[in-house]
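Below is the file structure-v2.csv, which contains CSV, C-alpha atoms.
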chain,number,residue,atom,x,y,z
B,1,MET,CA,0.0,0.0,0.0
B,2,THR,CA,1.3,3.5,-0.8
B,3,ILE,CA,0.2,6.6,1.0
B,4,GLU,CA,-0.6,9.5,-1.4
B,5,PRO,CA,1.5,12.6,-0.6
B,6,SER,CA,-0.4,15.3,1.3
B,7,PHE,CA,-0.8,18.6,-0.6
B,8,ALA,CA,-0.9,20.5,2.7
B,9,GLU,CA,2.4,19.1,3.9
B,10,ALA,CA,4.1,19.8,0.6
B,11,SER,CA,6.3,22.9,0.1
B,12,ALA,CA,5.1,25.7,-2.2
B,13,ARG,CA,7.5,24.5,-4.9
B,14,GLU,CA,6.2,20.9,-4.7
B,15,ARG,CA,2.7,22.2,-4.8
B,16,ALA,CA,3.3,24.2,-8.0
B,17,ARG,CA,5.0,21.2,-9.5
B,18,ALA,CA,2.2,18.9,-8.5
B,19,ILE,CA,-0.5,21.1,-10.2
B,20,LEU,CA,1.2,21.7,-13.5
B,21,ASP,CA,1.4,19.0,-16.3
B,22,ALA,CA,4.2,16.6,-15.6
B,23,GLY,CA,7.6,17.8,-16.9
B,24,THR,CA,6.4,21.4,-17.7
B,25,PHE,CA,7.4,23.1,-14.4
B,26,ARG,CA,9.8,26.0,-15.0
B,27,GLU,CA,10.4,28.4,-12.1
B,28,LEU,CA,10.8,32.1,-12.6
B,29,LEU,CA,13.1,33.9,-10.2
B,30,ASP,CA,14.1,30.7,-8.4
B,31,PRO,CA,16.0,30.7,-5.0
B,32,PHE,CA,19.3,31.1,-6.8
B,33,ALA,CA,18.1,34.4,-8.3
B,34,ARG,CA,18.3,35.6,-4.7
B,35,VAL,CA,15.4,38.0,-5.0
B,36,ALA,CA,14.8,38.2,-1.3
B,37,SER,CA,13.3,40.8,1.0
B,38,PRO,CA,15.6,43.7,1.8
B,39,HIS,CA,13.5,44.7,4.8
B,40,LEU,CA,13.8,41.8,7.1
B,41,ALA,CA,17.5,41.8,8.2
B,42,ALA,CA,17.1,45.3,9.6
B,43,GLN,CA,14.4,43.9,11.9
B,44,GLY,CA,16.4,41.0,13.0
B,45,LEU,CA,14.7,38.4,10.8
B,46,VAL,CA,16.3,36.1,8.3
B,47,ALA,CA,15.1,36.4,4.7
B,48,GLN,CA,14.3,33.5,2.5
B,49,SER,CA,15.9,33.5,-1.0
B,50,ASP,CA,12.6,33.3,-2.8
B,51,ASP,CA,10.7,35.5,-0.3
B,52,GLY,CA,8.3,32.6,0.2
B,53,VAL,CA,6.7,32.9,-3.2
B,54,VAL,CA,7.1,30.4,-6.1
B,55,VAL,CA,6.1,31.4,-9.6
B,56,ALA,CA,6.2,28.6,-12.1
B,57,ARG,CA,5.4,28.6,-15.8
B,58,GLY,CA,4.1,25.4,-17.3
B,59,ALA,CA,1.0,23.9,-18.8
B,60,LEU,CA,-2.4,22.7,-17.5
B,61,ALA,CA,-3.9,20.1,-19.8
B,62,GLY,CA,-1.6,21.4,-22.5
B,63,VAL,CA,-2.7,25.1,-22.2
B,64,ASP,CA,0.0,27.6,-21.1
B,65,ALA,CA,-0.3,28.3,-17.4
B,66,VAL,CA,1.3,30.0,-14.4
B,67,ALA,CA,1.1,28.4,-10.9
B,68,ILE,CA,1.8,30.8,-8.1
B,69,ALA,CA,2.3,29.3,-4.7
B,70,THR,CA,3.0,30.9,-1.3
B,71,GLU,CA,5.1,29.1,1.4
B,72,GLY,CA,3.0,29.0,4.6
B,73,ARG,CA,5.9,27.9,6.8
B,74,PHE,CA,8.0,31.1,6.0
B,75,LEU,CA,6.6,34.0,8.1
B,76,GLY,CA,3.1,32.6,7.9
B,77,GLY,CA,3.1,32.8,4.1
B,78,SER,CA,3.0,36.5,4.5
B,79,ILE,CA,3.2,38.8,1.4
B,80,GLY,CA,6.0,41.3,1.4
B,81,GLU,CA,7.1,43.8,-1.2
B,82,VAL,CA,9.2,41.3,-3.2
B,83,GLY,CA,7.0,38.3,-3.0
B,84,GLY,CA,4.0,40.5,-3.7
B,85,ALA,CA,5.8,41.9,-6.8
B,86,LYS,CA,6.5,38.4,-8.0
B,87,ILE,CA,2.8,37.5,-7.8
B,88,ALA,CA,1.5,40.8,-9.3
B,89,GLY,CA,4.1,40.7,-12.1
B,90,ALA,CA,3.2,37.1,-13.0
B,91,LEU,CA,-0.5,38.0,-13.1
B,92,GLU,CA,0.0,41.2,-15.1
B,93,LEU,CA,1.9,39.1,-17.7
B,94,ALA,CA,-1.0,36.6,-17.7
B,95,ALA,CA,-3.4,39.5,-18.2
B,96,ARG,CA,-1.3,40.7,-21.1
B,97,ASP,CA,-1.4,37.3,-22.8
B,98,LEU,CA,-5.2,37.0,-22.2
B,99,ARG,CA,-5.8,40.5,-23.6
B,100,ALA,CA,-3.9,39.5,-26.7
B,101,GLY,CA,-6.3,36.6,-27.2
B,102,ARG,CA,-3.9,33.9,-26.1
B,103,ALA,CA,-5.2,31.0,-24.0
B,104,PHE,CA,-3.7,31.2,-20.5
B,105,ARG,CA,-4.5,29.7,-17.1
B,106,PRO,CA,-3.4,31.5,-13.9
B,107,VAL,CA,-3.6,29.4,-10.7
B,108,LEU,CA,-3.1,30.7,-7.2
B,109,LEU,CA,-2.0,28.0,-4.6
B,110,ILE,CA,-2.6,30.0,-1.5
B,111,ASP,CA,-1.3,29.4,2.0
B,112,SER,CA,-1.0,32.8,3.5
B,113,GLY,CA,-1.9,35.0,6.5
B,114,GLY,CA,-2.0,38.1,4.3
B,115,ILE,CA,0.3,41.1,4.3
B,116,ARG,CA,3.6,40.9,6.0
B,117,VAL,CA,3.3,43.5,8.8
B,118,GLN,CA,7.1,44.0,8.9
B,119,GLU,CA,6.8,45.5,5.4
B,120,ALA,CA,3.8,47.7,6.1
B,121,ASN,CA,2.7,50.0,3.3
B,122,LEU,CA,4.9,48.3,0.7
B,123,ALA,CA,3.1,45.0,1.4
B,124,LEU,CA,-0.3,46.7,1.2
B,125,LEU,CA,0.6,48.3,-2.1
B,126,ALA,CA,1.8,44.9,-3.4
B,127,LEU,CA,-1.5,43.4,-2.4
B,128,ALA,CA,-3.5,46.1,-4.2
B,129,GLU,CA,-1.4,45.4,-7.3
B,130,ILE,CA,-2.2,41.6,-7.0
B,131,HIS,CA,-6.0,42.4,-6.6
B,132,ASP,CA,-5.8,44.7,-9.7
B,133,ALA,CA,-4.0,42.0,-11.8
B,134,ILE,CA,-6.5,39.3,-10.8
B,135,LEU,CA,-9.4,41.5,-11.9
B,136,ALA,CA,-7.5,42.3,-15.2
B,137,CYS,CA,-7.2,38.5,-15.9
B,138,GLU,CA,-10.8,37.9,-14.9
B,139,ARG,CA,-12.1,40.2,-17.6
B,140,TYR,CA,-11.0,37.6,-20.1
B,141,ALA,CA,-10.7,34.2,-18.4
B,142,PRO,CA,-11.0,32.5,-15.1
B,143,VAL,CA,-8.3,32.7,-12.4
B,144,VAL,CA,-8.5,29.6,-10.1
B,145,ALA,CA,-7.6,29.7,-6.4
B,146,LEU,CA,-6.8,26.6,-4.4
B,147,ILE,CA,-6.4,26.9,-0.6
B,148,GLY,CA,-4.6,23.7,0.4
B,149,GLY,CA,-2.2,24.5,3.2
B,150,ARG,CA,-2.0,24.6,6.9
B,151,VAL,CA,-2.3,28.4,7.3
B,152,GLY,CA,-5.2,29.0,5.0
B,153,ALA,CA,-6.1,32.3,3.3
B,154,TYR,CA,-6.5,35.4,5.4
B,155,GLY,CA,-6.3,39.2,5.2
B,156,GLY,CA,-5.3,40.6,1.8
B,157,MET,CA,-4.8,37.1,0.4
B,158,ALA,CA,-8.4,36.2,1.4
B,159,ILE,CA,-9.5,39.2,-0.7
B,160,ALA,CA,-7.3,38.0,-3.6
B,161,THR,CA,-9.0,34.6,-3.3
B,162,ALA,CA,-12.4,36.1,-3.3
B,163,LEU,CA,-11.7,37.8,-6.6
B,164,CYS,CA,-11.0,34.5,-8.3
B,165,ARG,CA,-13.7,32.8,-10.4
B,166,THR,CA,-13.4,29.4,-8.7
B,167,ILE,CA,-12.2,28.7,-5.2
B,168,ALA,CA,-11.2,25.1,-4.2
B,169,MET,CA,-10.4,24.2,-0.6
B,170,SER,CA,-9.2,21.1,1.2
B,171,GLU,CA,-11.0,20.2,4.5
B,172,GLY,CA,-8.1,21.2,6.6
B,173,ALA,CA,-7.7,24.6,5.0
B,174,ARG,CA,-9.3,27.8,6.4
B,175,TYR,CA,-10.5,30.9,4.7
B,176,GLY,CA,-11.5,34.2,6.3
B,177,LEU,CA,-10.8,37.9,6.3
B,178,ASN,CA,-9.6,38.1,9.9
B,179,GLY,CA,-7.9,35.2,11.6
B,180,PRO,CA,-9.3,33.8,14.9
B,181,GLU,CA,-6.8,35.5,17.1
B,182,VAL,CA,-7.5,38.9,15.5
B,183,VAL,CA,-11.3,38.3,16.0
B,184,GLU,CA,-10.8,37.4,19.7
B,185,GLU,CA,-8.5,40.4,20.3
B,186,GLU,CA,-10.9,42.8,18.6
B,187,ALA,CA,-14.3,41.4,19.6
B,188,GLY,CA,-13.6,39.5,22.8
B,189,ILE,CA,-13.5,35.9,23.8
B,190,ALA,CA,-17.3,35.7,23.9
B,191,GLU,CA,-17.3,36.3,20.2
B,192,LEU,CA,-14.7,33.7,19.3
B,193,ASP,CA,-12.3,31.7,21.4
B,194,SER,CA,-9.2,31.4,19.2
B,195,ARG,CA,-8.2,28.1,20.9
B,196,ASP,CA,-11.6,26.5,20.1
B,197,ARG,CA,-10.3,24.7,17.0
B,198,PRO,CA,-13.5,22.7,16.2
B,199,ARG,CA,-15.5,25.9,16.2
B,200,ILE,CA,-12.9,27.7,14.0
B,201,TRP,CA,-13.1,24.9,11.4
B,202,ARG,CA,-17.0,24.9,11.6
B,203,ILE,CA,-16.9,28.5,10.6
B,204,SER,CA,-14.0,28.8,8.3
B,205,GLY,CA,-12.8,25.3,7.4
B,206,GLY,CA,-13.0,23.9,3.8
B,207,ARG,CA,-16.2,21.9,4.4
B,208,ALA,CA,-18.0,24.8,6.0
B,209,ARG,CA,-17.0,27.3,3.3
B,210,VAL,CA,-18.2,25.0,0.5
B,211,ALA,CA,-21.5,24.4,2.4
B,212,GLN,CA,-21.9,28.2,2.7
B,213,GLY,CA,-21.3,28.7,-1.0
B,214,VAL,CA,-18.2,30.9,-0.3
B,215,ALA,CA,-15.9,28.3,-1.9
B,216,GLN,CA,-17.0,26.1,-4.8
B,217,MET,CA,-15.0,22.9,-4.6
B,218,LEU,CA,-14.0,20.6,-1.7
B,219,VAL,CA,-10.9,18.7,-2.5
B,220,GLU,CA,-9.1,15.7,-0.9
B,221,ASP,CA,-5.7,16.5,0.5
B,222,THR,CA,-3.7,14.7,-2.2
B,223,HIS,CA,-1.6,16.0,-5.1
B,224,ALA,CA,-3.8,14.1,-7.6
B,225,ALA,CA,-7.1,15.4,-6.2
B,226,CYS,CA,-5.8,19.0,-6.1
B,227,ARG,CA,-4.6,18.8,-9.7
B,228,ALA,CA,-7.9,17.3,-10.8
B,229,ALA,CA,-9.8,20.0,-9.1
B,230,VAL,CA,-7.8,22.8,-10.8
B,231,LEU,CA,-8.3,21.2,-14.2
B,232,ALA,CA,-12.0,20.8,-13.5
B,233,ALA,CA,-12.2,24.4,-12.5
B,234,PHE,CA,-10.9,25.3,-16.0
B,235,GLY,CA,-13.4,23.0,-17.6
B,236,ASP,CA,-11.1,20.0,-18.2
B,237,VAL,CA,-11.7,16.6,-16.8
B,238,GLU,CA,-8.8,14.2,-16.2
B,239,ALA,CA,-9.5,10.6,-15.5
B,240,ARG,CA,-8.9,9.9,-11.8
B,241,VAL,CA,-6.1,7.4,-11.0
M,1,MET,CA,20.5,38.2,13.7
M,2,GLU,CA,24.1,37.0,13.3
M,3,THR,CA,26.1,36.2,10.2
M,4,LEU,CA,28.9,33.5,10.3
M,5,THR,CA,31.3,32.2,7.7
M,6,TYR,CA,33.2,29.0,7.6
M,7,GLU,CA,36.0,28.0,5.1
M,8,ARG,CA,38.0,24.9,4.2
M,9,SER,CA,40.5,24.4,1.4
M,10,GLY,CA,40.6,21.6,-1.2
M,11,GLY,CA,37.7,19.2,-1.7
M,12,THR,CA,35.9,17.5,-4.6
M,13,PRO,CA,33.6,19.8,-6.6
M,14,VAL,CA,29.8,18.9,-6.4
M,15,ALA,CA,28.1,18.1,-9.7
M,16,ARG,CA,25.2,20.6,-9.6
M,17,ARG,CA,23.5,23.1,-7.4
M,18,ALA,CA,20.8,22.2,-5.0
M,19,HIS,CA,18.2,24.0,-2.9
M,20,VAL,CA,16.6,22.4,0.2
M,21,GLY,CA,14.6,23.4,3.3
M,22,VAL,CA,12.6,26.5,4.3
M,23,VAL,CA,13.2,29.4,6.7
M,24,ALA,CA,10.6,28.0,9.2
M,25,SER,CA,10.8,27.6,13.0
M,26,GLY,CA,13.4,25.0,13.8
M,27,ASP,CA,14.4,24.6,10.2
M,28,LEU,CA,16.7,26.3,7.6
M,29,GLU,CA,17.0,27.0,3.9
M,30,LEU,CA,20.2,25.8,2.2
M,31,LEU,CA,21.6,26.8,-1.2
M,32,LEU,CA,24.5,24.7,-2.5
M,33,GLU,CA,26.4,25.7,-5.6
M,34,PRO,CA,29.5,24.1,-7.2
M,35,ALA,CA,32.9,25.8,-6.7
M,36,ASP,CA,36.2,24.9,-8.4
M,37,THR,CA,38.1,24.6,-5.2
M,38,GLY,CA,37.6,25.1,-1.5
M,39,LEU,CA,34.5,25.3,0.6
M,40,ARG,CA,32.8,28.5,1.7
M,41,VAL,CA,29.7,28.5,4.0
M,42,ARG,CA,27.8,31.6,4.9
M,43,VAL,CA,25.2,31.4,7.6
M,44,ALA,CA,22.6,33.9,8.5
M,45,THR,CA,20.8,32.9,11.7
M,46,THR,CA,18.2,34.4,14.0
M,47,ALA,CA,19.8,32.6,17.0
M,48,GLY,CA,23.0,34.5,17.9
M,49,GLY,CA,25.9,33.1,20.0
M,50,TYR,CA,26.1,29.6,18.6
M,51,GLY,CA,29.2,30.1,16.4
M,52,GLU,CA,31.2,27.3,18.1
M,53,THR,CA,28.3,24.8,17.7
M,54,TRP,CA,28.0,25.7,13.9
M,55,ARG,CA,31.8,25.2,13.6
M,56,ALA,CA,31.6,21.8,15.3
M,57,VAL,CA,28.8,20.6,13.0
M,58,PHE,CA,30.6,21.7,9.9
M,59,ASP,CA,34.0,20.3,11.1
M,60,ARG,CA,32.4,16.9,11.6
M,61,PHE,CA,30.3,16.9,8.4
M,62,PHE,CA,33.0,18.1,6.0
M,63,ALA,CA,35.7,15.9,7.4
M,64,ARG,CA,33.5,13.0,6.3
M,65,GLU,CA,32.4,14.8,3.0
M,66,PRO,CA,35.2,16.9,1.7
M,67,ILE,CA,33.5,19.0,-1.0
M,68,ALA,CA,34.4,22.1,-3.0
M,69,ALA,CA,31.3,24.2,-3.0
M,70,SER,CA,29.7,27.5,-2.0
M,71,ILE,CA,26.9,27.1,0.6
M,72,GLU,CA,24.4,29.7,1.9
M,73,ILE,CA,22.3,28.9,4.9
M,74,ASN,CA,19.3,31.0,6.1
M,75,ASP,CA,18.5,29.6,9.5
M,76,PHE,CA,15.5,30.0,11.8
M,77,GLY,CA,16.8,28.1,14.8
M,78,ALA,CA,17.5,24.7,13.4
M,79,THR,CA,19.1,22.2,15.9
M,80,PRO,CA,22.6,20.7,15.0
M,81,ALA,CA,20.8,17.5,14.0
M,82,VAL,CA,18.5,19.3,11.5
M,83,VAL,CA,21.5,21.2,10.1
M,84,ALA,CA,23.4,17.9,9.5
M,85,LEU,CA,20.3,16.4,7.9
M,86,ARG,CA,19.8,19.4,5.6
M,87,LEU,CA,23.5,19.3,4.6
M,88,GLU,CA,23.1,15.5,3.8
M,89,GLN,CA,19.9,16.2,1.8
M,90,ALA,CA,21.5,19.0,-0.3
M,91,LEU,CA,24.6,16.9,-1.0
M,92,GLU,CA,22.4,14.0,-2.1
M,93,ALA,CA,20.5,16.3,-4.4
M,94,ALA,CA,23.7,17.7,-5.9
M,95,ARG,CA,25.3,14.4,-6.7

Show me the file's structure as structure tokens.
Amino acid sequence: MTIEPSFAEASARERARAILDAGTFRELLDPFARVASPHLAAQGLVAQSDDGVVVARGALAGVDAVAIATEGRFLGGSIGEVGGAKIAGALELAARDLRAGRAFRPVLLIDSGGIRVQEANLALLALAEIHDAILACERYAPVVALIGGRVGAYGGMAIATALCRTIAMSEGARYGLNGPEVVEEEAGIAELDSRDRPRIWRISGGRARVAQGVAQMLVEDTHAACRAAVLAAFGDVEARV
Amino acid sequence: METLTYERSGGTPVARRAHVGVVASGDLELLLEPADTGLRVRVATTAGGYGETWRAVFDRFFAREPIAASIEINDFGATPAVVALRLEQALEAAR
């Protein structure tokens, strides 16, 4: 018996590779390009060489595609100036292709707590650019979001998710504007106890969000199921293994 | 945050570059690139004051695996065992 690899436990790079057609993954600005955050060292934090964002060109069912994945384990998958620019730039190029009439499939593989507070306004600006670029793509073709990580999609990245045509979630993923701890801090423990995990998942977990109609697809936490869901969201059906 | 460097002469060049790990709690990111001769390691770590421990891990590892390479480590508090495992993993990927 073999255990299928968990999508939630995979790195951002492994996720992008798992979604794209086999053998087509080609990363842009990979770790060796060393396009890291220039703001973290000054705050005593160690930067990651890809700033926690993986942008990979490839194909989805033979159609040109870009898979954009955030690394939830690095600073909560937060979006800083550099990582945000990587996402916005990739989506702006996607919009340019779509506007020119070329078939193109942008996919967001989200695991992010939202903006990186350490990068303040620069991160907010980057998120505004991401939102703008998603809307630019959506005028011509669908953008698909898949929330399949341990962090979920919160803050500015929850807004980015909401702008996408189709949202797929795994059962363990969460999706909401404010995280449970923020809600507790702002509205009091009577509103939400951030340690009450079953309650948090009953409100913002994958199964709940699909039942509420906030997300459209509930996916199993495997590479194959996540890829099949993304293809189905673009209207393609792949035979399940 | 602290930056450390470690150097050794000689060694056998690695075949290709490799990237492993993530800058997450108790873990590190490691970038390994071929060099013609000698070993040069640069460590950026959030946990300051462990220079001697890093040196001991590198001494032991590279005595067993004398490679010529350039290594960059971005560390978020990985323990010596995790450091050794990530080095092993990168070397395996670079062979």

| query | Using only C-alpha atoms, which residues sit within 7 Å of region 119-121 of chain B once same-chain residues fewer than 6 positions away are excluded, as number ranges by chain? | reply | B: 39, 80-81

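Residues having any atom no farther than 6 Å from (39.5, 23.6, -2.8) (counting only C-alpha atoms) are M:Ser9, M:Gly10, M:Gly11, M:Thr37, M:Gly38, M:Ala68.
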
| said: Could you tell me which residues of chain B sit within 12 Å of chain M when counting only C-alpha atoms, and give me the result as a PyMOL selection string? | reply: chain B and resi 10-14+30-34+36+40-53+70-77

| message | Taking 5 positions as the minimum chain separation for residues in the same chain, which residues sit within 7 Å of Gly155 (chain B) when counting only C-alpha atoms? Answer as a PyMOL selection string. | response | chain B and resi 113-115+177-178

| task | Might you pull out every residue within 12 Å of Arg202 (chain B), with only C-alpha atoms counted and same-chain residues fewer than 4 positions away left off, and present them as an NGL selection string? | result | :B and (171-175 or 192 or 196-198 or 206-212)

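Note that CA of Leu93 (chain B) and CA of Ala141 (chain B) are 13.5 Å apart.
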
| request: Just give me the gap between CA of Ala90 (chain B) and CA of Arg102 (chain B) in Å, one decimal is fine. | output: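 Result for CA of Ala90 (chain B) versus CA of Arg102 (chain B): 15.2 Å, one decimal.
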
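Interatomic distance, CA of Val35 (chain B) to CA of Ile79 (chain B): 13.8 Å.
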
| field | Close residues, Leu20 (chain B) itself excluded, 12 Å, only C-alpha atoms, min 6 positions apart in chain, as a ChimeraX atom specification | value | /B:13-14,26-27,55-69,105-109,223-224,226-231

| request: For region 179-191 of chain B, please output as a PyMOL selection string all residues within 12 Å (counting all atoms listed in the file; exclusion window: fewer than 6 positions along the same chain). | output: chain B and resi 76+112-114+151-158+197-201+203-205

| Taking only C-alpha atoms into account, which of B:Glu129, B:Ala8, B:Gln216, B:Glu138 comes nearest Ile167 (chain B)? | B:Gln216

Would you mind exporting region 19-47 of chain M with C-alpha atoms, as a short mmCIF file (atom, residue, chain, number, x, y, z; two decimals), in the first residue's frame?
data_model
loop_
_atom_site.label_atom_id
_atom_site.label_comp_id
_atom_site.auth_asym_id
_atom_site.auth_seq_id
_atom_site.Cartn_x
_atom_site.Cartn_y
_atom_site.Cartn_z
CA HIS M 19 18.16 23.98 -2.85
CA VAL M 20 16.58 22.38 0.23
CA GLY M 21 14.59 23.44 3.28
CA VAL M 22 12.60 26.47 4.31
CA VAL M 23 13.16 29.37 6.72
CA ALA M 24 10.61 28.04 9.22
CA SER M 25 10.78 27.59 12.98
CA GLY M 26 13.41 24.96 13.81
CA ASP M 27 14.41 24.65 10.17
CA LEU M 28 16.68 26.32 7.61
CA GLU M 29 17.04 26.98 3.90
CA LEU M 30 20.23 25.82 2.19
CA LEU M 31 21.58 26.81 -1.22
CA LEU M 32 24.46 24.68 -2.48
CA GLU M 33 26.43 25.68 -5.58
CA PRO M 34 29.51 24.14 -7.23
CA ALA M 35 32.91 25.79 -6.73
CA ASP M 36 36.22 24.94 -8.44
CA THR M 37 38.11 24.59 -5.21
CA GLY M 38 37.56 25.05 -1.52
CA LEU M 39 34.46 25.27 0.62
CA ARG M 40 32.83 28.48 1.73
CA VAL M 41 29.75 28.54 3.96
CA ARG M 42 27.80 31.64 4.90
CA VAL M 43 25.19 31.36 7.65
CA ALA M 44 22.55 33.94 8.51
CA THR M 45 20.80 32.94 11.73
CA THR M 46 18.16 34.40 14.03
CA ALA M 47 19.77 32.62 17.01
#
